[in-house]
$ cat run-v7.cif   # mmCIF, C-alpha atoms
data_upload
loop_
_atom_site.label_atom_id
_atom_site.label_comp_id
_atom_site.auth_asym_id
_atom_site.auth_seq_id
_atom_site.Cartn_x
_atom_site.Cartn_y
_atom_site.Cartn_z
CA MET A 1 -63.22 -85.54 94.58
CA SER A 2 -59.60 -84.37 94.92
CA GLU A 3 -58.63 -81.19 96.73
CA SER A 4 -57.47 -79.59 93.45
CA SER A 5 -60.79 -80.44 91.79
CA GLY A 6 -62.64 -78.86 94.68
CA ARG A 7 -60.61 -75.68 94.37
CA PHE A 8 -61.38 -75.59 90.63
CA LEU A 9 -65.12 -75.96 91.22
CA ASN A 10 -65.06 -73.29 93.95
CA TRP A 11 -63.99 -70.56 91.53
CA PRO A 12 -62.94 -67.55 93.63
CA ARG A 13 -64.91 -64.36 93.12
CA ARG A 14 -61.72 -62.34 92.63
CA TYR A 15 -60.95 -64.41 89.51
CA THR A 16 -64.29 -63.34 88.06
CA ILE A 17 -63.55 -59.67 88.75
CA VAL A 18 -60.10 -59.97 87.15
CA ALA A 19 -61.49 -61.84 84.12
CA LEU A 20 -64.22 -59.24 83.53
CA CYS A 21 -61.65 -56.42 83.80
CA VAL A 22 -59.42 -58.19 81.27
CA PHE A 23 -62.36 -58.49 78.88
CA ALA A 24 -63.09 -54.80 79.41
CA VAL A 25 -59.52 -53.97 78.29
CA PHE A 26 -60.02 -56.31 75.32
CA ILE A 27 -63.17 -54.39 74.30
CA CYS A 28 -61.48 -51.06 75.05
CA TYR A 29 -58.64 -51.69 72.60
CA ALA A 30 -60.77 -53.44 70.00
CA ASP A 31 -63.05 -50.39 69.88
CA ARG A 32 -60.07 -48.04 69.86
CA VAL A 33 -58.10 -49.81 67.13
CA ASN A 34 -60.80 -50.74 64.61
CA ILE A 35 -60.73 -47.21 63.17
CA SER A 36 -57.05 -47.63 62.22
CA VAL A 37 -58.21 -50.19 59.62
CA ALA A 38 -61.60 -48.67 58.83
CA ALA A 39 -59.97 -45.25 58.33
CA ILE A 40 -58.30 -46.54 55.15
CA ALA A 41 -61.72 -47.02 53.55
CA MET A 42 -63.05 -43.84 55.19
CA GLN A 43 -60.11 -41.86 53.76
CA GLU A 44 -60.83 -43.15 50.27
CA GLU A 45 -64.55 -42.36 50.59
CA PHE A 46 -64.20 -38.87 52.09
CA GLY A 47 -60.96 -37.81 50.34
CA TRP A 48 -58.90 -37.18 53.48
CA SER A 49 -55.19 -36.34 53.33
CA GLU A 50 -52.81 -38.23 55.62
CA THR A 51 -52.69 -35.17 57.87
CA THR A 52 -56.50 -35.06 58.12
CA LYS A 53 -56.56 -38.77 58.91
CA GLY A 54 -53.96 -38.10 61.60
CA TYR A 55 -56.29 -35.56 63.23
CA VAL A 56 -59.14 -38.08 63.20
CA LEU A 57 -57.01 -40.86 64.66
CA SER A 58 -55.46 -38.65 67.34
CA SER A 59 -58.65 -36.87 68.46
CA PHE A 60 -59.63 -39.85 70.61
CA PHE A 61 -56.64 -39.18 72.86
CA ILE A 62 -57.77 -35.66 73.72
CA GLY A 63 -60.71 -37.05 75.66
CA TYR A 64 -58.59 -39.93 76.94
CA LEU A 65 -56.00 -37.54 78.38
CA LEU A 66 -58.45 -35.06 79.90
CA PHE A 67 -60.40 -37.61 81.91
CA GLN A 68 -57.60 -39.80 83.34
CA ILE A 69 -57.32 -38.18 86.77
CA PRO A 70 -61.04 -37.22 87.08
CA SER A 71 -62.09 -40.79 86.31
CA GLY A 72 -59.72 -42.10 88.99
CA TRP A 73 -61.25 -39.66 91.49
CA LEU A 74 -64.77 -40.76 90.52
CA ALA A 75 -63.85 -44.44 90.87
CA ASN A 76 -62.44 -43.69 94.33
CA LYS A 77 -65.61 -41.89 95.37
CA LEU A 78 -68.29 -44.01 93.67
CA GLY A 79 -66.62 -47.39 93.18
CA GLY A 80 -64.99 -49.13 90.24
CA LYS A 81 -68.06 -51.17 89.33
CA LEU A 82 -70.30 -48.19 88.61
CA ILE A 83 -67.64 -46.12 86.85
CA LEU A 84 -66.25 -48.94 84.68
CA GLY A 85 -69.73 -50.18 83.75
CA PHE A 86 -70.84 -46.68 82.78
CA ALA A 87 -67.56 -46.08 80.92
CA VAL A 88 -67.91 -49.18 78.74
CA LEU A 89 -71.53 -48.27 77.96
CA TRP A 90 -70.47 -44.71 77.13
CA TRP A 91 -67.59 -45.57 74.79
CA SER A 92 -69.62 -48.38 73.15
CA LEU A 93 -72.35 -45.86 72.34
CA PHE A 94 -69.84 -43.48 70.75
CA THR A 95 -68.31 -46.38 68.81
CA PHE A 96 -71.77 -47.20 67.46
CA LEU A 97 -72.39 -43.55 66.52
CA THR A 98 -69.10 -43.12 64.63
CA PRO A 99 -70.51 -43.82 61.12
CA PHE A 100 -73.35 -41.35 61.66
CA ALA A 101 -70.86 -38.69 62.83
CA ALA A 102 -68.55 -39.29 59.86
CA GLY A 103 -71.50 -38.86 57.48
CA ILE A 104 -72.31 -35.42 58.94
CA SER A 105 -68.87 -33.75 58.99
CA ILE A 106 -65.23 -34.17 59.93
CA ILE A 107 -65.77 -31.89 62.96
CA ILE A 108 -68.63 -34.02 64.32
CA LEU A 109 -66.51 -37.14 63.78
CA ILE A 110 -63.63 -35.63 65.77
CA VAL A 111 -66.01 -34.61 68.57
CA THR A 112 -67.39 -38.15 68.63
CA ARG A 113 -63.88 -39.61 68.89
CA ILE A 114 -63.09 -37.21 71.75
CA GLY A 115 -66.28 -38.36 73.50
CA MET A 116 -65.24 -41.98 73.07
CA GLY A 117 -61.84 -41.16 74.60
CA LEU A 118 -63.53 -39.65 77.66
CA GLY A 119 -65.17 -43.02 78.32
CA GLU A 120 -62.08 -45.15 77.75
CA ALA A 121 -60.08 -42.93 80.11
CA ALA A 122 -61.85 -44.63 83.04
CA MET A 123 -60.68 -48.12 82.05
CA PHE A 124 -57.43 -48.45 83.98
CA PRO A 125 -58.20 -46.19 86.97
CA SER A 126 -61.43 -48.15 87.56
CA ALA A 127 -59.65 -51.49 87.18
CA TYR A 128 -56.92 -50.46 89.62
CA ASN A 129 -59.61 -49.33 92.07
CA LEU A 130 -61.16 -52.82 91.93
CA TYR A 131 -57.79 -54.57 92.02
CA SER A 132 -56.92 -52.69 95.21
CA ARG A 133 -59.82 -54.47 96.95
CA TRP A 134 -59.94 -57.80 95.13
CA VAL A 135 -56.36 -58.83 94.33
CA PRO A 136 -53.98 -59.83 97.15
CA PRO A 137 -50.28 -58.89 96.81
CA SER A 138 -49.27 -62.47 96.05
CA GLU A 139 -51.43 -62.41 92.91
CA ARG A 140 -51.01 -58.80 91.89
CA SER A 141 -48.22 -59.19 89.30
CA ARG A 142 -50.05 -61.96 87.49
CA SER A 143 -53.33 -60.07 87.59
CA VAL A 144 -51.77 -56.86 86.25
CA SER A 145 -50.03 -58.85 83.49
CA LEU A 146 -53.36 -60.37 82.50
CA LEU A 147 -54.94 -56.91 82.47
CA ILE A 148 -52.23 -55.47 80.22
CA GLY A 149 -52.46 -58.60 78.06
CA GLY A 150 -55.94 -57.45 77.06
CA ILE A 151 -54.28 -54.69 75.01
CA PRO A 152 -52.64 -56.88 72.34
CA LEU A 153 -55.57 -59.33 72.47
CA GLY A 154 -58.10 -56.60 71.69
CA THR A 155 -55.79 -55.05 69.11
CA LEU A 156 -55.18 -58.41 67.43
CA PHE A 157 -58.91 -59.13 67.29
CA ALA A 158 -59.71 -55.71 65.84
CA LEU A 159 -57.03 -55.92 63.17
CA LEU A 160 -58.08 -59.42 62.11
CA ILE A 161 -61.84 -58.80 62.08
CA THR A 162 -62.14 -55.16 60.96
CA GLY A 163 -60.48 -55.68 57.58
CA TRP A 164 -62.84 -58.56 56.80
CA LEU A 165 -65.90 -56.57 57.93
CA VAL A 166 -64.84 -53.55 55.85
CA GLU A 167 -64.28 -55.55 52.66
CA THR A 168 -67.37 -57.78 53.00
CA HIS A 169 -69.96 -55.54 54.68
CA GLY A 170 -68.60 -51.97 54.51
CA TRP A 171 -66.71 -49.92 57.08
CA PRO A 172 -69.76 -48.73 59.11
CA VAL A 173 -70.53 -52.34 60.15
CA ALA A 174 -67.23 -52.53 62.04
CA PHE A 175 -68.39 -49.77 64.38
CA TYR A 176 -71.94 -51.10 64.76
CA SER A 177 -70.82 -54.63 65.66
CA PHE A 178 -68.04 -53.57 68.04
CA GLY A 179 -70.32 -51.10 69.80
CA ALA A 180 -72.97 -53.79 70.30
CA GLY A 181 -70.35 -56.12 71.77
CA GLY A 182 -69.58 -53.61 74.51
CA ALA A 183 -73.25 -53.38 75.42
CA VAL A 184 -73.34 -57.16 75.98
CA TRP A 185 -70.37 -56.90 78.36
CA VAL A 186 -72.17 -54.18 80.36
CA VAL A 187 -75.12 -56.50 81.01
CA ILE A 188 -72.82 -59.27 82.24
CA TRP A 189 -70.86 -56.79 84.36
CA TYR A 190 -74.02 -55.47 86.01
CA PHE A 191 -75.01 -58.93 87.23
CA TYR A 192 -71.61 -60.41 88.13
CA ALA A 193 -69.33 -57.58 89.30
CA HIS A 194 -69.16 -56.13 92.78
CA ASP A 195 -67.12 -53.35 94.34
CA ASP A 196 -66.13 -54.95 97.61
CA PRO A 197 -65.69 -58.56 98.79
CA ALA A 198 -67.02 -57.61 102.22
CA THR A 199 -70.49 -56.90 100.81
CA ASP A 200 -70.51 -59.34 97.88
CA PRO A 201 -73.03 -62.12 98.63
CA ARG A 202 -71.25 -64.51 96.22
CA CYS A 203 -67.90 -64.16 97.98
CA SER A 204 -67.06 -67.02 100.36
CA GLU A 205 -66.13 -66.37 103.97
CA ASP A 206 -62.62 -67.74 103.42
CA GLU A 207 -62.06 -65.40 100.49
CA ARG A 208 -63.35 -62.44 102.50
CA LYS A 209 -60.81 -63.22 105.22
CA LEU A 210 -58.04 -63.39 102.60
CA LEU A 211 -59.02 -60.02 101.12
CA LEU A 212 -59.89 -58.22 104.36
CA PRO A 213 -56.36 -56.75 104.76
CA LEU A 214 -56.82 -54.96 101.43
CA ALA A 215 -59.50 -52.67 102.85
CA LYS A 216 -58.28 -49.07 102.56
CA PRO A 217 -58.57 -46.39 105.24
CA THR A 218 -61.42 -44.00 104.55
CA ASP A 219 -59.11 -40.98 104.56
CA GLN A 220 -56.79 -42.27 101.83
CA ALA A 221 -58.27 -39.92 99.21
CA GLN A 222 -57.29 -36.95 101.44
CA SER A 223 -53.77 -38.20 102.17
CA ILE A 224 -52.29 -38.67 98.69
CA PRO A 225 -48.66 -37.45 98.89
CA TRP A 226 -48.69 -35.12 95.88
CA LYS A 227 -45.57 -33.22 97.03
CA GLU A 228 -43.58 -36.43 97.44
CA PHE A 229 -44.64 -37.47 93.94
CA ALA A 230 -43.42 -34.16 92.52
CA LYS A 231 -40.05 -34.30 94.29
CA SER A 232 -39.12 -37.88 93.36
CA LYS A 233 -36.64 -38.41 90.51
CA ALA A 234 -37.81 -42.03 90.21
CA ILE A 235 -41.39 -40.94 89.66
CA TRP A 236 -40.32 -38.42 87.03
CA ALA A 237 -38.33 -41.20 85.35
CA LEU A 238 -41.52 -43.27 85.39
CA ILE A 239 -43.59 -40.42 83.93
CA ILE A 240 -41.05 -39.80 81.15
CA ASN A 241 -40.80 -43.50 80.35
CA HIS A 242 -44.57 -43.91 80.17
CA PHE A 243 -44.49 -41.11 77.57
CA CYS A 244 -41.57 -42.60 75.61
CA SER A 245 -42.86 -46.18 75.80
CA ASN A 246 -46.32 -45.24 74.56
CA TRP A 247 -45.01 -43.33 71.53
CA ILE A 248 -44.29 -46.53 69.60
CA LEU A 249 -47.48 -48.19 70.83
CA TYR A 250 -49.84 -45.40 69.79
CA MET A 251 -47.99 -44.60 66.57
CA LEU A 252 -48.30 -48.19 65.38
CA LEU A 253 -51.84 -48.65 66.73
CA ALA A 254 -52.95 -45.77 64.55
CA TRP A 255 -50.69 -46.07 61.51
CA LEU A 256 -49.52 -49.67 61.05
CA PRO A 257 -52.41 -50.70 58.72
CA SER A 258 -51.89 -47.51 56.70
CA TYR A 259 -48.16 -48.27 56.51
CA PHE A 260 -48.78 -51.70 55.00
CA ARG A 261 -51.47 -50.28 52.71
CA SER A 262 -49.49 -47.32 51.34
CA GLN A 263 -45.89 -48.54 51.53
CA HIS A 264 -46.46 -52.15 50.48
CA ASP A 265 -49.63 -51.81 48.37
CA LEU A 266 -51.68 -54.39 50.30
CA SER A 267 -55.46 -54.65 50.27
CA ILE A 268 -57.35 -53.31 53.28
CA MET A 269 -57.96 -56.84 54.59
CA ASN A 270 -54.32 -57.87 54.10
CA ALA A 271 -53.12 -54.64 55.69
CA GLY A 272 -55.12 -55.63 58.78
CA LEU A 273 -53.74 -59.18 58.71
CA TYR A 274 -50.12 -58.07 58.36
CA SER A 275 -50.67 -55.53 61.15
CA ALA A 276 -52.04 -58.24 63.45
CA ALA A 277 -48.88 -60.38 63.54
CA PRO A 278 -46.83 -57.86 65.58
CA TYR A 279 -49.50 -57.83 68.30
CA LEU A 280 -49.41 -61.62 68.54
CA SER A 281 -45.66 -61.23 69.04
CA MET A 282 -46.34 -58.60 71.69
CA LEU A 283 -48.72 -60.90 73.58
CA ILE A 284 -46.29 -63.84 73.57
CA VAL A 285 -43.09 -61.93 74.37
CA GLY A 286 -44.77 -59.80 77.04
CA ASN A 287 -45.87 -62.86 79.03
CA LEU A 288 -42.58 -64.69 78.53
CA GLY A 289 -40.75 -61.53 79.61
CA GLY A 290 -42.74 -61.45 82.83
CA VAL A 291 -41.74 -65.02 83.63
CA PHE A 292 -38.10 -64.26 82.79
CA ALA A 293 -38.10 -61.14 84.99
CA ASP A 294 -39.54 -63.07 87.94
CA LYS A 295 -36.86 -65.75 87.52
CA LEU A 296 -34.09 -63.16 87.46
CA HIS A 297 -35.36 -61.71 90.73
CA ALA A 298 -35.87 -65.17 92.27
CA ARG A 299 -32.23 -66.00 91.51
CA GLY A 300 -31.05 -63.03 93.54
CA MET A 301 -30.91 -60.13 91.10
CA SER A 302 -32.14 -56.90 92.66
CA LEU A 303 -35.58 -55.79 91.52
CA THR A 304 -34.16 -52.42 90.49
CA ARG A 305 -31.68 -54.12 88.14
CA VAL A 306 -34.44 -56.36 86.75
CA ARG A 307 -36.63 -53.35 85.99
CA LYS A 308 -33.73 -51.55 84.31
CA ILE A 309 -32.82 -54.57 82.16
CA MET A 310 -36.38 -55.18 80.98
CA GLN A 311 -37.19 -51.53 80.28
CA VAL A 312 -33.95 -50.69 78.49
CA SER A 313 -34.05 -53.92 76.46
CA GLY A 314 -37.59 -53.08 75.35
CA LEU A 315 -36.77 -49.49 74.40
CA LEU A 316 -33.50 -50.12 72.59
CA GLY A 317 -34.60 -53.38 70.98
CA SER A 318 -37.74 -51.85 69.49
CA ALA A 319 -35.75 -48.78 68.36
CA ALA A 320 -33.31 -51.03 66.49
CA CYS A 321 -36.18 -52.79 64.70
CA LEU A 322 -37.75 -49.49 63.65
CA LEU A 323 -34.46 -48.24 62.23
CA ALA A 324 -34.04 -51.52 60.36
CA VAL A 325 -37.54 -51.51 58.84
CA LYS A 326 -37.54 -47.96 57.47
CA ASP A 327 -35.82 -48.96 54.21
CA VAL A 328 -37.47 -52.37 53.78
CA ASN A 329 -39.52 -52.95 50.63
CA ASP A 330 -40.61 -56.55 51.18
CA PRO A 331 -43.91 -56.82 53.16
CA TYR A 332 -42.94 -60.13 54.79
CA LEU A 333 -39.65 -58.70 56.06
CA ALA A 334 -41.44 -55.54 57.19
CA MET A 335 -43.91 -57.68 59.15
CA ALA A 336 -41.00 -59.53 60.76
CA PHE A 337 -39.30 -56.29 61.87
CA MET A 338 -42.59 -54.86 63.14
CA SER A 339 -43.16 -58.07 65.09
CA GLY A 340 -39.71 -57.59 66.58
CA ALA A 341 -40.44 -53.95 67.42
CA LEU A 342 -43.69 -54.60 69.27
CA GLY A 343 -42.53 -57.91 70.72
CA LEU A 344 -39.46 -56.32 72.28
CA ALA A 345 -41.53 -53.32 73.38
CA ALA A 346 -43.63 -55.76 75.44
CA LEU A 347 -40.59 -56.37 77.67
CA MET A 348 -41.47 -52.99 79.16
CA TRP A 349 -44.47 -54.63 80.88
CA SER A 350 -41.86 -55.92 83.34
CA GLY A 351 -40.16 -52.52 83.39
CA PHE A 352 -42.11 -49.31 83.82
CA VAL A 353 -45.61 -50.88 83.94
CA SER A 354 -44.81 -52.93 87.05
CA ASN A 355 -42.75 -50.14 88.62
CA HIS A 356 -45.85 -48.33 89.94
CA LEU A 357 -46.41 -51.16 92.42
CA ASP A 358 -42.72 -51.22 93.40
CA ILE A 359 -42.18 -47.62 94.38
CA ALA A 360 -45.61 -46.62 95.74
CA PRO A 361 -47.74 -49.75 96.29
CA ARG A 362 -50.41 -48.00 98.34
CA TYR A 363 -50.85 -45.30 95.70
CA ALA A 364 -50.21 -47.36 92.57
CA ASP A 365 -53.67 -46.58 91.20
CA VAL A 366 -53.20 -42.83 91.64
CA LEU A 367 -49.68 -43.00 90.25
CA MET A 368 -50.93 -44.93 87.21
CA GLY A 369 -53.44 -42.17 86.54
CA ILE A 370 -50.69 -39.55 86.70
CA THR A 371 -48.20 -41.37 84.48
CA ASN A 372 -50.88 -42.50 82.03
CA THR A 373 -51.83 -38.86 81.54
CA ALA A 374 -48.28 -38.27 80.28
CA GLY A 375 -48.44 -41.56 78.41
CA THR A 376 -51.49 -40.38 76.49
CA ILE A 377 -49.74 -37.33 75.01
CA PRO A 378 -48.04 -39.43 72.27
CA GLY A 379 -51.50 -40.54 71.20
CA ILE A 380 -52.22 -36.92 70.31
CA ILE A 381 -48.97 -35.37 69.13
CA GLY A 382 -47.28 -38.59 68.00
CA VAL A 383 -50.15 -39.64 65.76
CA ILE A 384 -50.50 -36.15 64.28
CA ILE A 385 -46.75 -35.73 63.73
CA THR A 386 -46.60 -39.14 62.04
CA GLY A 387 -49.34 -38.12 59.58
CA TRP A 388 -47.59 -34.82 58.87
CA LEU A 389 -44.22 -36.54 58.32
CA VAL A 390 -45.77 -39.07 55.94
CA ASP A 391 -47.50 -36.27 54.01
CA THR A 392 -44.29 -34.24 53.86
CA THR A 393 -41.80 -36.99 53.00
CA GLY A 394 -44.00 -39.58 51.30
CA THR A 395 -42.65 -42.39 53.51
CA PHE A 396 -42.70 -43.57 57.14
CA ALA A 397 -38.88 -43.55 57.47
CA SER A 398 -38.63 -40.21 59.32
CA ALA A 399 -41.51 -41.14 61.66
CA PHE A 400 -39.75 -44.40 62.59
CA THR A 401 -36.44 -42.57 63.13
CA LEU A 402 -38.10 -40.04 65.44
CA CYS A 403 -39.69 -42.84 67.47
CA ALA A 404 -36.34 -44.62 67.79
CA ALA A 405 -34.72 -41.42 69.09
CA ILE A 406 -37.48 -41.01 71.71
CA ASN A 407 -36.89 -44.60 72.82
CA VAL A 408 -33.17 -43.96 73.29
CA PHE A 409 -33.92 -40.86 75.38
CA GLY A 410 -36.27 -42.86 77.59
CA ALA A 411 -33.64 -45.57 78.09
CA ILE A 412 -31.04 -43.01 79.23
CA VAL A 413 -33.47 -41.47 81.74
CA TRP A 414 -34.43 -44.92 83.04
CA VAL A 415 -30.84 -46.04 83.57
CA LEU A 416 -29.96 -42.85 85.44
CA PHE A 417 -32.98 -42.28 87.68
CA SER A 418 -35.27 -45.31 88.04
CA THR A 419 -35.48 -47.55 91.10
CA ALA A 420 -37.63 -50.42 92.31
CA GLU A 421 -37.18 -49.54 95.97
CA LYS A 422 -40.29 -48.41 97.82
CA ILE A 423 -40.02 -44.62 98.05
CA ILE A 424 -43.56 -43.79 99.22
CA ASP A 425 -45.32 -45.99 101.77
#
$ encode --input "run-v7.cif" --output "structure tokens"
Amino acid sequence: MSESSGRFLNWPRRYTIVALCVFAVFICYADRVNISVAAIAMQEEFGWSETTKGYVLSSFFIGYLLFQIPSGWLANKLGGKLILGFAVLWWSLFTFLTPFAAGISIIILIVTRIGMGLGEAAMFPSAYNLYSRWVPPSERSRSVSLLIGGIPLGTLFALLITGWLVETHGWPVAFYSFGAGGAVWVVIWYFYAHDDPATDPRCSEDERKLLLPLAKPTDQAQSIPWKEFAKSKAIWALIINHFCSNWILYMLLAWLPSYFRSQHDLSIMNAGLYSAAPYLSMLIVGNLGGVFADKLHARGMSLTRVRKIMQVSGLLGSAACLLAVKDVNDPYLAMAFMSGALGLAALMWSGFVSNHLDIAPRYADVLMGITNTAGTIPGIIGVIITGWLVDTTGTFASAFTLCAAINVFGAIVWVLFSTAEKIID
């Protein structure tokens, strides 16, 4: 047997941890996004206005925002395995209960969506907690890219499957089936995941030696440099750009199927299919962008310049596509521009998303929790404002223009204040 074959058969434990975390993100976004398609049928059944639907779609992010930092603290204290496993079980239960809540009242449905958001808030803090122990620096960029890649994968799956489930079996089945899928993952996670390579009986001695330097000092939780975070212009640029970058993501996650349904008169299933194509573009361009960014740096370009190029290209490119699509009447052309908008937005994976590890590698998990709190705000106000603008104007043009303006603002801040130099050790 060749050496390469032997390495393949001796699958490292850290690959299993990474793979399970990626699947958790996949489930996280599939469960989050399915309501954006199902809500079309729910709106028709319950007689919601666009503004009311906006409240339903945005309510998830209230729980998601509130529990970002607490879930990171819990993962630090109790371990990523326990917190992530409980989180997936929690949000899967609330996914399953969504049809029952909708049948009772709009208030109970909103409370249920908030409860689901509380569970999903633990996804990335828990994953970063596990990555800090399981992923060596030489593999960190690839592993983070794989983790983020679970977002368009889960979104793509939800958009493709939910429309079919709604039209063939009714909208409640989408929530029942997706919720059950999360429960299956929890069982697998319980048996195969582990917090620490040092105490994992399946981890080889060689792999333990490789990962031993990742062990964190026990006082790290008490030594987080909050004041240095607050004083840093680069960190504020990162916080602002997480907010600006997520506006387009959450707006389209919630409203893209409704856009194709109302503006282009597509069926519910076709609205889901047309909405799926941009996320395939996002998956492909995001990974190609990561390779391109690494090559730029390998050829001698400073990492700061690489981060600026990727982030600004993503923000301005997606803004241009949104401005171009606002007056389009052909659904195929609209799908092409939306694919361009989300595809170019994925270049930001090599911009602000990676920047946490550049400027504060030891505290990247904490910093992600902080910036993702700001990044969740568009999921609340952006989704609601979009619904109000559509109700008021009858089209999505003003919502797309607003998003483009936010992107331009983020690009200006990034050019002026961002850096990829380590500022906090």
$ atom_distance --input "run-v7.cif" --atom1 "atom CA of A:Ala397" --atom2 "atom CA of A:Asn329"
11.6 Å
$ resolve_selection --input "run-v7.cif" --expression "the PyMOL selection byres ((chain A and resi 241) around 8)" --output "list in words"
Ala237, Leu238, Ile239, Ile240, His242, Phe243, Cys244, Ser245, Phe352, Gly410, Ala411, Val413 and Trp414 of chain A
$ atom_distance --input "run-v7.cif" --atom1 "atom CA of A:Leu273" --atom2 "atom CA of A:Tyr64"
27.0 Å
$ resolve_selection --input "run-v7.cif" --expression "the PyMOL selection byres ((chain A and resi 40-48) around 9)" --output "list of chain:residue names"
A:Ile35, A:Ser36, A:Val37, A:Ala38, A:Ala39, A:Ser49, A:Glu50, A:Thr51, A:Thr52, A:Lys53, A:Ala102, A:Val166, A:Glu167, A:Gly170, A:Trp171, A:Pro257, A:Ser258, A:Arg261, A:Ile268
$ write_last_selection --input "run-v7.cif" --atoms "C-alpha atoms" --output "short mmCIF file (atom, residue, chain, number, x, y, z; two decimals), in the frame of the given file"
data_model
loop_
_atom_site.label_atom_id
_atom_site.label_comp_id
_atom_site.auth_asym_id
_atom_site.auth_seq_id
_atom_site.Cartn_x
_atom_site.Cartn_y
_atom_site.Cartn_z
CA ILE A 35 -60.73 -47.21 63.17
CA SER A 36 -57.05 -47.63 62.22
CA VAL A 37 -58.21 -50.19 59.62
CA ALA A 38 -61.60 -48.67 58.83
CA ALA A 39 -59.97 -45.25 58.33
CA SER A 49 -55.19 -36.34 53.33
CA GLU A 50 -52.81 -38.23 55.62
CA THR A 51 -52.69 -35.17 57.87
CA THR A 52 -56.50 -35.06 58.12
CA LYS A 53 -56.56 -38.77 58.91
CA ALA A 102 -68.55 -39.29 59.86
CA VAL A 166 -64.84 -53.55 55.85
CA GLU A 167 -64.28 -55.55 52.66
CA GLY A 170 -68.60 -51.97 54.51
CA TRP A 171 -66.71 -49.92 57.08
CA PRO A 257 -52.41 -50.70 58.72
CA SER A 258 -51.89 -47.51 56.70
CA ARG A 261 -51.47 -50.28 52.71
CA ILE A 268 -57.35 -53.31 53.28
#
$ residues_around --input "run-v7.cif" --residues "stretch 21-32 of chain A" --least-positions-apart "6" --cutoff "9 Å" --atoms "only C-alpha atoms" --output "PyMOL selection string"
chain A and resi 60+84+88+91-92+95+116-117+120+123-124+127+130+143+146-159+175+178-179+181-182+185+253
$ closest_residue --input "run-v7.cif" --among "A:Ser275, A:Ser339, A:Thr392, A:Ser126" --to "A:Ile17" --atoms "all atoms listed in the file"
A:Ser126
$ resolve_selection --input "run-v7.cif" --expression "the PyMOL selection byres ((chain A and resi 308) around 8)" --output "list in words"
Thr304, Arg305, Val306, Arg307, Ile309, Met310, Gln311, Val312, Gly351, Trp414, Val415 and Ser418 of chain A
$ closest_residue --input "run-v7.cif" --among "A:Ser262, A:Ser145, A:Ser132, A:Ser204" --to "A:Val285" --atoms "all atoms listed in the file"
A:Ser145
$ atom_distance --input "run-v7.cif" --atom1 "atom CA of A:His297" --atom2 "atom CA of A:Asn129"
27.3 Å
$ residues_near_point --input "run-v7.cif" --point "(-38.7, -59.3, 86.1)" --cutoff "12 Å" --atoms "all atoms listed in the file" --output "PyMOL selection string"
chain A and resi 141-142+145+286-311+313+347-355+358+420
$ closest_atom_pairs --input "run-v7.cif" --of "stretch 66-147 of chain A" --to "stretch 375-387 of chain A" --cutoff "10 Å" --atoms "only C-alpha atoms" --output "Markdown table"
| residue | atom | partner | partner_atom | distance |
| --- | --- | --- | --- | --- |
| A:Leu66 | CA | A:Thr376 | CA | 9.4 |
| A:Gln68 | CA | A:Thr376 | CA | 9.2 |
| A:Ala121 | CA | A:Thr376 | CA | 9.7 |
$ residues_around --input "run-v7.cif" --residues "A:Asp330" --least-positions-apart "5" --cutoff "10 Å" --atoms "all atoms listed in the file" --output "list in words"
Gln263, His264, Val325 and Met335 of chain A
$ closest_residue --input "run-v7.cif" --among "A:Phe337, A:Trp189, A:Leu212, A:Arg362" --to "A:Thr16" --atoms "only C-alpha atoms"
A:Trp189
$ build_atoms --input "run-v7.cif" --residues "stretch 277-285 of chain A" --atoms "N, CA and C atoms" --output "PDB file, keeping the file's coordinate frame"
ATOM      1  N   ALA A 277     -49.993 -59.518  63.120  1.00  0.00           N
ATOM      2  CA  ALA A 277     -48.880 -60.380  63.540  1.00  0.00           C
ATOM      3  C   ALA A 277     -48.012 -59.744  64.624  1.00  0.00           C
ATOM      4  N   PRO A 278     -47.649 -58.458  64.520  1.00  0.00           N
ATOM      5  CA  PRO A 278     -46.830 -57.860  65.580  1.00  0.00           C
ATOM      6  C   PRO A 278     -47.498 -57.880  66.953  1.00  0.00           C
ATOM      7  N   TYR A 279     -48.823 -57.824  67.002  1.00  0.00           N
ATOM      8  CA  TYR A 279     -49.500 -57.830  68.300  1.00  0.00           C
ATOM      9  C   TYR A 279     -49.562 -59.236  68.897  1.00  0.00           C
ATOM     10  N   LEU A 280     -49.554 -60.256  68.043  1.00  0.00           N
ATOM     11  CA  LEU A 280     -49.410 -61.620  68.540  1.00  0.00           C
ATOM     12  C   LEU A 280     -48.024 -61.780  69.160  1.00  0.00           C
ATOM     13  N   SER A 281     -47.019 -61.228  68.497  1.00  0.00           N
ATOM     14  CA  SER A 281     -45.660 -61.230  69.040  1.00  0.00           C
ATOM     15  C   SER A 281     -45.615 -60.507  70.376  1.00  0.00           C
ATOM     16  N   MET A 282     -46.308 -59.383  70.459  1.00  0.00           N
ATOM     17  CA  MET A 282     -46.340 -58.600  71.690  1.00  0.00           C
ATOM     18  C   MET A 282     -46.952 -59.403  72.840  1.00  0.00           C
ATOM     19  N   LEU A 283     -48.044 -60.102  72.560  1.00  0.00           N
ATOM     20  CA  LEU A 283     -48.720 -60.900  73.580  1.00  0.00           C
ATOM     21  C   LEU A 283     -47.804 -62.002  74.098  1.00  0.00           C
ATOM     22  N   ILE A 284     -47.144 -62.708  73.189  1.00  0.00           N
ATOM     23  CA  ILE A 284     -46.290 -63.840  73.570  1.00  0.00           C
ATOM     24  C   ILE A 284     -45.051 -63.361  74.334  1.00  0.00           C
ATOM     25  N   VAL A 285     -44.334 -62.389  73.756  1.00  0.00           N
ATOM     26  CA  VAL A 285     -43.090 -61.930  74.370  1.00  0.00           C
ATOM     27  C   VAL A 285     -43.350 -61.239  75.703  1.00  0.00           C
TER      28      VAL A 285
END
